[in-house]
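Take a look at the structure below.
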Amino acid sequence: KLREAGTTRYEVEVRGSDGRTLTWEVNSTLTHGPNGRPAGLHAIARDVTEQRRIRSALELSESRFRAIQETSIDGFMVLSSIRDAAGTIVDFRWEYVNEAGARIVGRPRDWFPGRRLLVEMPGNGEDGLFDAYRHVVESGEALTREFTYRHEGMDVYLRMVAARADDGFAVTFADLTEKRRAEERIRRSEARLRSFADSIPALAWSSDAAGGARFFNRQWYEYTGQQPEDAMPHGWRGALHADDRARVAAAIEGAVADSGPAAIEFRLRRHDGIHRWFLARIAPEVDADGRIVGWFGTATDVDDAKITEQILREQEQALRESDARLRIALES
């Protein structure tokens, strides 16, 4: 091999005097005599054990880095700075993009390397992102931001973190578009629920699975005089008549245990201190798996009906007593 190559570089492993395995880099040069035949061999060897260890560590780190980025559901990009003659950053060039990043942006992965950010995606300049990235590179300060990007055919809500990397920056970003839309649907649903609850004449509320109040309608606050900070999550019990609190708590615990609707009557203190009778009905709120995640309840004022019922009972009792006295008088 030396006869063919002339000069050869190779590495060999040798055992040192302390028993450690060392790596030597050997550079061998074959010399030739006047007749052109090999005449001698010159070799220079140096210990490259540490350099090889560092190289192996770097290769392992690079391999791990790529494995992490390629399996991440978040986008990741590395961009380098493009500077003018005065040293001012005028654009950035893509150096690396993982699979998730390409998917989120909506471009093939091999489209990115070497392309310029402002040329291909000028919306970064219009939204001030380019200036923010330039500040990251020039100051070394990391940037965290959530924003909607509506340019170059994209309409996404992103959360991103950018940090300086050499003369450029690395950015990780997550597509929160669907999460944002789901949250918006929930907000609209809750707003409709509140509007509906405020439109009915009864007192209405919702609670978590354990019975801690999350919402009361306007009628509750107007009737009891409580404020939200007084009523939630368990302060509403203070508006119950003291003699009814244990019974109401037991009814709620029973409904939770049975995972079903329940009805109970109790007295509720009005803002002026007067207690009136209410009939409350509660029903469970279940998720897609059938698990109870909360409760809805309404309470209707039945005080007048209770008074009428009491008057009728008293009248019936008086009639029975009158009939009894009349029979006794007739028999005597």
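Residues are referred to by chain and number: the chain letter is A, B, ... according to the order shown in the structure tokens, the number counts from 1 in that chain, and ligands are numbered separately from 1 in the order shown.
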Task: Every residue of segment 212-323 of chain A that DSSP places in helix (DSSP H, G or I), as a ChimeraX atom specification - done: /A:218-224,228-231,235-239,245-258,303-323
Task: Residue set, segment 27-231 of chain A restricted to strand (DSSP E or B), as a VMD selection string - done: chain A and resid 27 to 32 38 to 47 75 to 83 89 to 97 116 143 to 149 156 to 164 168 to 175 203 to 208 213 to 216
Include C-alpha atoms and write out the residues we just selected as a PDB file, in the first residue's frame.
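Generated output (out26.pdb):
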```pdb
ATOM      1  CA  ASN A  27       1.827   9.902   8.875  1.00  0.00           C
ATOM      2  CA  SER A  28       4.191   7.665   6.851  1.00  0.00           C
ATOM      3  CA  THR A  29       6.193   8.753   3.802  1.00  0.00           C
ATOM      4  CA  LEU A  30       8.041   6.290   1.600  1.00  0.00           C
ATOM      5  CA  THR A  31      11.351   7.487   0.133  1.00  0.00           C
ATOM      6  CA  HIS A  32      12.884   6.133  -3.055  1.00  0.00           C
ATOM      7  CA  PRO A  38      11.815   2.109  -2.066  1.00  0.00           C
ATOM      8  CA  ALA A  39      14.775   3.157   0.032  1.00  0.00           C
ATOM      9  CA  GLY A  40      13.289   4.085   3.380  1.00  0.00           C
ATOM     10  CA  LEU A  41      10.266   5.025   5.431  1.00  0.00           C
ATOM     11  CA  HIS A  42       9.768   8.182   7.472  1.00  0.00           C
ATOM     12  CA  ALA A  43       6.934   8.184  10.024  1.00  0.00           C
ATOM     13  CA  ILE A  44       5.606  10.827  12.426  1.00  0.00           C
ATOM     14  CA  ALA A  45       3.192   9.742  15.148  1.00  0.00           C
ATOM     15  CA  ARG A  46       1.254  11.853  17.626  1.00  0.00           C
ATOM     16  CA  ASP A  47      -1.204  11.075  20.387  1.00  0.00           C
ATOM     17  CA  GLY A  75     -40.831  23.076  14.446  1.00  0.00           C
ATOM     18  CA  PHE A  76     -37.129  23.876  14.684  1.00  0.00           C
ATOM     19  CA  MET A  77     -34.992  26.067  12.423  1.00  0.00           C
ATOM     20  CA  VAL A  78     -31.471  27.439  12.371  1.00  0.00           C
ATOM     21  CA  LEU A  79     -30.809  30.591  10.359  1.00  0.00           C
ATOM     22  CA  SER A  80     -27.547  32.454   9.778  1.00  0.00           C
ATOM     23  CA  SER A  81     -27.141  36.212   9.389  1.00  0.00           C
ATOM     24  CA  ILE A  82     -26.625  37.944   6.061  1.00  0.00           C
ATOM     25  CA  ARG A  83     -24.766  41.230   6.552  1.00  0.00           C
ATOM     26  CA  ILE A  89     -27.895  42.320   9.337  1.00  0.00           C
ATOM     27  CA  VAL A  90     -30.086  42.680   6.257  1.00  0.00           C
ATOM     28  CA  ASP A  91     -31.578  39.197   6.086  1.00  0.00           C
ATOM     29  CA  PHE A  92     -31.264  35.623   7.379  1.00  0.00           C
ATOM     30  CA  ARG A  93     -30.527  32.412   5.508  1.00  0.00           C
ATOM     31  CA  TRP A  94     -32.003  29.024   6.396  1.00  0.00           C
ATOM     32  CA  GLU A  95     -29.364  26.474   7.378  1.00  0.00           C
ATOM     33  CA  TYR A  96     -31.469  23.732   8.936  1.00  0.00           C
ATOM     34  CA  VAL A  97     -35.186  22.901   9.241  1.00  0.00           C
ATOM     35  CA  ARG A 116     -33.393  34.003   2.412  1.00  0.00           C
ATOM     36  CA  LEU A 143     -37.239  35.941  22.559  1.00  0.00           C
ATOM     37  CA  THR A 144     -40.541  34.311  23.486  1.00  0.00           C
ATOM     38  CA  ARG A 145     -43.701  35.291  21.645  1.00  0.00           C
ATOM     39  CA  GLU A 146     -47.180  34.068  20.722  1.00  0.00           C
ATOM     40  CA  PHE A 147     -48.640  35.492  17.543  1.00  0.00           C
ATOM     41  CA  THR A 148     -50.845  34.909  14.521  1.00  0.00           C
ATOM     42  CA  TYR A 149     -49.058  34.733  11.182  1.00  0.00           C
ATOM     43  CA  VAL A 156     -51.496  29.929  11.974  1.00  0.00           C
ATOM     44  CA  TYR A 157     -51.205  30.816  15.638  1.00  0.00           C
ATOM     45  CA  LEU A 158     -47.687  30.071  16.878  1.00  0.00           C
ATOM     46  CA  ARG A 159     -45.742  30.078  20.127  1.00  0.00           C
ATOM     47  CA  MET A 160     -42.024  30.458  19.498  1.00  0.00           C
ATOM     48  CA  VAL A 161     -38.750  30.786  21.384  1.00  0.00           C
ATOM     49  CA  ALA A 162     -35.692  32.163  19.563  1.00  0.00           C
ATOM     50  CA  ALA A 163     -32.104  32.312  20.836  1.00  0.00           C
ATOM     51  CA  ARG A 164     -28.775  33.363  19.328  1.00  0.00           C
ATOM     52  CA  GLY A 168     -27.619  33.747  13.607  1.00  0.00           C
ATOM     53  CA  PHE A 169     -30.420  32.274  15.648  1.00  0.00           C
ATOM     54  CA  ALA A 170     -32.252  29.037  16.366  1.00  0.00           C
ATOM     55  CA  VAL A 171     -36.008  29.066  16.792  1.00  0.00           C
ATOM     56  CA  THR A 172     -38.428  26.497  18.150  1.00  0.00           C
ATOM     57  CA  PHE A 173     -42.113  27.005  17.405  1.00  0.00           C
ATOM     58  CA  ALA A 174     -45.338  25.153  18.156  1.00  0.00           C
ATOM     59  CA  ASP A 175     -48.502  25.323  16.074  1.00  0.00           C
ATOM     60  CA  LEU A 203     -81.268  31.128  40.004  1.00  0.00           C
ATOM     61  CA  ALA A 204     -78.684  29.098  38.043  1.00  0.00           C
ATOM     62  CA  TRP A 205     -75.121  27.931  38.559  1.00  0.00           C
ATOM     63  CA  SER A 206     -72.464  25.447  37.479  1.00  0.00           C
ATOM     64  CA  SER A 207     -69.838  23.657  39.564  1.00  0.00           C
ATOM     65  CA  ASP A 208     -66.888  21.331  39.190  1.00  0.00           C
ATOM     66  CA  ALA A 213     -69.038  26.584  42.221  1.00  0.00           C
ATOM     67  CA  ARG A 214     -67.619  27.963  38.971  1.00  0.00           C
ATOM     68  CA  PHE A 215     -70.452  30.239  37.854  1.00  0.00           C
ATOM     69  CA  PHE A 216     -73.657  31.870  39.152  1.00  0.00           C
TER      70      PHE A 216
END
```
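Using only C-alpha atoms, the smallest distance between any of A:Ile307, A:Arg269, A:Thr298, A:Met232 and Arg245 of chain A comes from A:Arg269.
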Task: Surrounding residues of Tyr221 of chain A excluding itself and chain neighbours under 2 positions, 12 Å, only C-alpha atoms, as JSON, numbers by chain - done: {"A": [198, 202, 203, 204, 205, 215, 216, 217, 218, 219, 223, 224, 225, 226, 227, 228, 229, 230, 231, 232, 236, 239, 269, 270, 271]}
Which residues, written as a tab-separated table (two decimals) with all heavy atoms, in the first residue's frame, have at least one atom at most 10 Å from Val14 of chain A, with only C-alpha atoms counted and residues fewer than 3 positions away on the same chain left out?
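Below you can see around35.tsv, which holds the result:
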```tsv
chain	number	residue	atom	x	y	z
A	11	GLU	N	-4.63	5.75	11.70
A	11	GLU	CA	-4.66	5.76	13.15
A	11	GLU	C	-4.49	4.34	13.67
A	11	GLU	O	-5.00	3.38	13.07
A	11	GLU	CB	-5.98	6.34	13.68
A	11	GLU	CG	-6.15	7.83	13.41
A	11	GLU	CD	-7.44	8.39	14.00
A	11	GLU	OE1	-8.24	7.58	14.53
A	11	GLU	OE2	-7.65	9.61	13.94
A	17	SER	N	1.73	2.75	28.99
A	17	SER	CA	2.40	2.13	30.15
A	17	SER	C	1.48	2.02	31.36
A	17	SER	O	1.69	1.16	32.23
A	17	SER	CB	3.64	2.94	30.52
A	17	SER	OG	3.26	4.29	30.83
A	19	GLY	N	-1.63	1.21	31.10
A	19	GLY	CA	-2.71	0.27	30.76
A	19	GLY	C	-3.84	0.88	29.96
A	19	GLY	O	-4.72	0.15	29.48
A	20	ARG	N	-3.81	2.20	29.76
A	20	ARG	CA	-4.88	2.84	28.98
A	20	ARG	C	-4.64	2.62	27.49
A	20	ARG	O	-3.51	2.52	27.04
A	20	ARG	CB	-4.95	4.34	29.25
A	20	ARG	CG	-5.40	4.71	30.65
A	20	ARG	CD	-5.59	6.21	30.80
A	20	ARG	NE	-4.39	6.97	30.45
A	20	ARG	CZ	-4.35	7.90	29.51
A	20	ARG	NH1	-5.43	8.17	28.79
A	20	ARG	NH2	-3.22	8.56	29.26
A	21	THR	N	-5.75	2.57	26.73
A	21	THR	CA	-5.66	2.44	25.28
A	21	THR	C	-5.57	3.83	24.68
A	21	THR	O	-6.42	4.69	24.92
A	21	THR	CB	-6.89	1.70	24.71
A	21	THR	OG1	-6.93	0.38	25.27
A	21	THR	CG2	-6.80	1.61	23.19
A	22	LEU	N	-4.51	4.06	23.92
A	22	LEU	CA	-4.29	5.36	23.30
A	22	LEU	C	-4.45	5.24	21.79
A	22	LEU	O	-4.26	4.19	21.20
A	22	LEU	CB	-2.87	5.87	23.62
A	22	LEU	CG	-2.50	5.96	25.10
A	22	LEU	CD1	-1.04	6.39	25.24
A	22	LEU	CD2	-3.42	6.92	25.83
A	23	THR	N	-4.86	6.37	21.19
A	23	THR	CA	-4.97	6.43	19.73
A	23	THR	C	-3.85	7.31	19.19
A	23	THR	O	-3.68	8.45	19.64
A	23	THR	CB	-6.33	7.00	19.31
A	23	THR	OG1	-7.37	6.17	19.85
A	23	THR	CG2	-6.47	7.03	17.80
A	24	TRP	N	-3.10	6.74	18.24
A	24	TRP	CA	-2.00	7.48	17.62
A	24	TRP	C	-2.33	7.72	16.15
A	24	TRP	O	-2.80	6.83	15.45
A	24	TRP	CB	-0.69	6.70	17.71
A	24	TRP	CG	-0.12	6.66	19.11
A	24	TRP	CD1	-0.50	5.85	20.12
A	24	TRP	CD2	0.91	7.49	19.62
A	24	TRP	NE1	0.23	6.09	21.27
A	24	TRP	CE2	1.12	7.13	20.98
A	24	TRP	CE3	1.69	8.52	19.09
A	24	TRP	CZ2	2.06	7.72	21.80
A	24	TRP	CZ3	2.65	9.12	19.91
A	24	TRP	CH2	2.82	8.73	21.25
A	47	ASP	N	-0.08	11.57	19.58
A	47	ASP	CA	-1.20	11.08	20.39
A	47	ASP	C	-2.45	11.94	20.10
A	47	ASP	O	-2.46	13.14	20.35
A	47	ASP	CB	-0.82	11.15	21.87
A	47	ASP	CG	-1.87	10.53	22.79
A	47	ASP	OD1	-2.95	10.17	22.28
A	47	ASP	OD2	-1.61	10.41	24.00
```
- [ ] Work out how far apart atom CA of Arg107 of chain A and atom CA of Pro122 of chain A are and give it in Å to one decimal.
- [x]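 Going from atom CA of Arg107 of chain A over to atom CA of Pro122 of chain A, I get 15.2 Å.
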- [ ] Would you list the contacts of Arg109 of chain A as a list in words, taking every protein, DNA or RNA residue within 10 Å and counting only C-alpha atoms, but skipping same-chain residues closer than 3 positions in sequence?
- [x] Tyr96, Val97, Asn98, Glu99, Ala100, Gly101, Ala102, Arg103, Val105, Gly106, Phe112 and Pro113 of chain A
Task: Option closest in space to Asp243 of chain A, from A:Ala257, A:Arg325, A:Leu268, A:Met121 [counting only C-alpha atoms] - done: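 Residue with the minimum atom-to-atom distance to Asp243 of chain A: A:Leu268.
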Task: Contacts of Leu279 of chain A within 9 Å, only C-alpha atoms, excl. fewer than 4 positions in-chain, as a list in words - done: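 My reading of the contact set: Ala263, Ile264, Glu265, Phe266, Arg267, Thr298, Ala299, Thr300, Asp301 and Val302 of chain A.
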TODO: Tell me, in Å to one decimal, how far atom CA of Trp277 of chain A is from atom CA of Asp304 of chain A.
DONE: 8.3 Å
Open item on the list: Report, in Å with one decimal, the straight-line distance from atom CA of Phe278 of chain A to atom CA of Ala305 of chain A.
Closed with: 10.0 Å
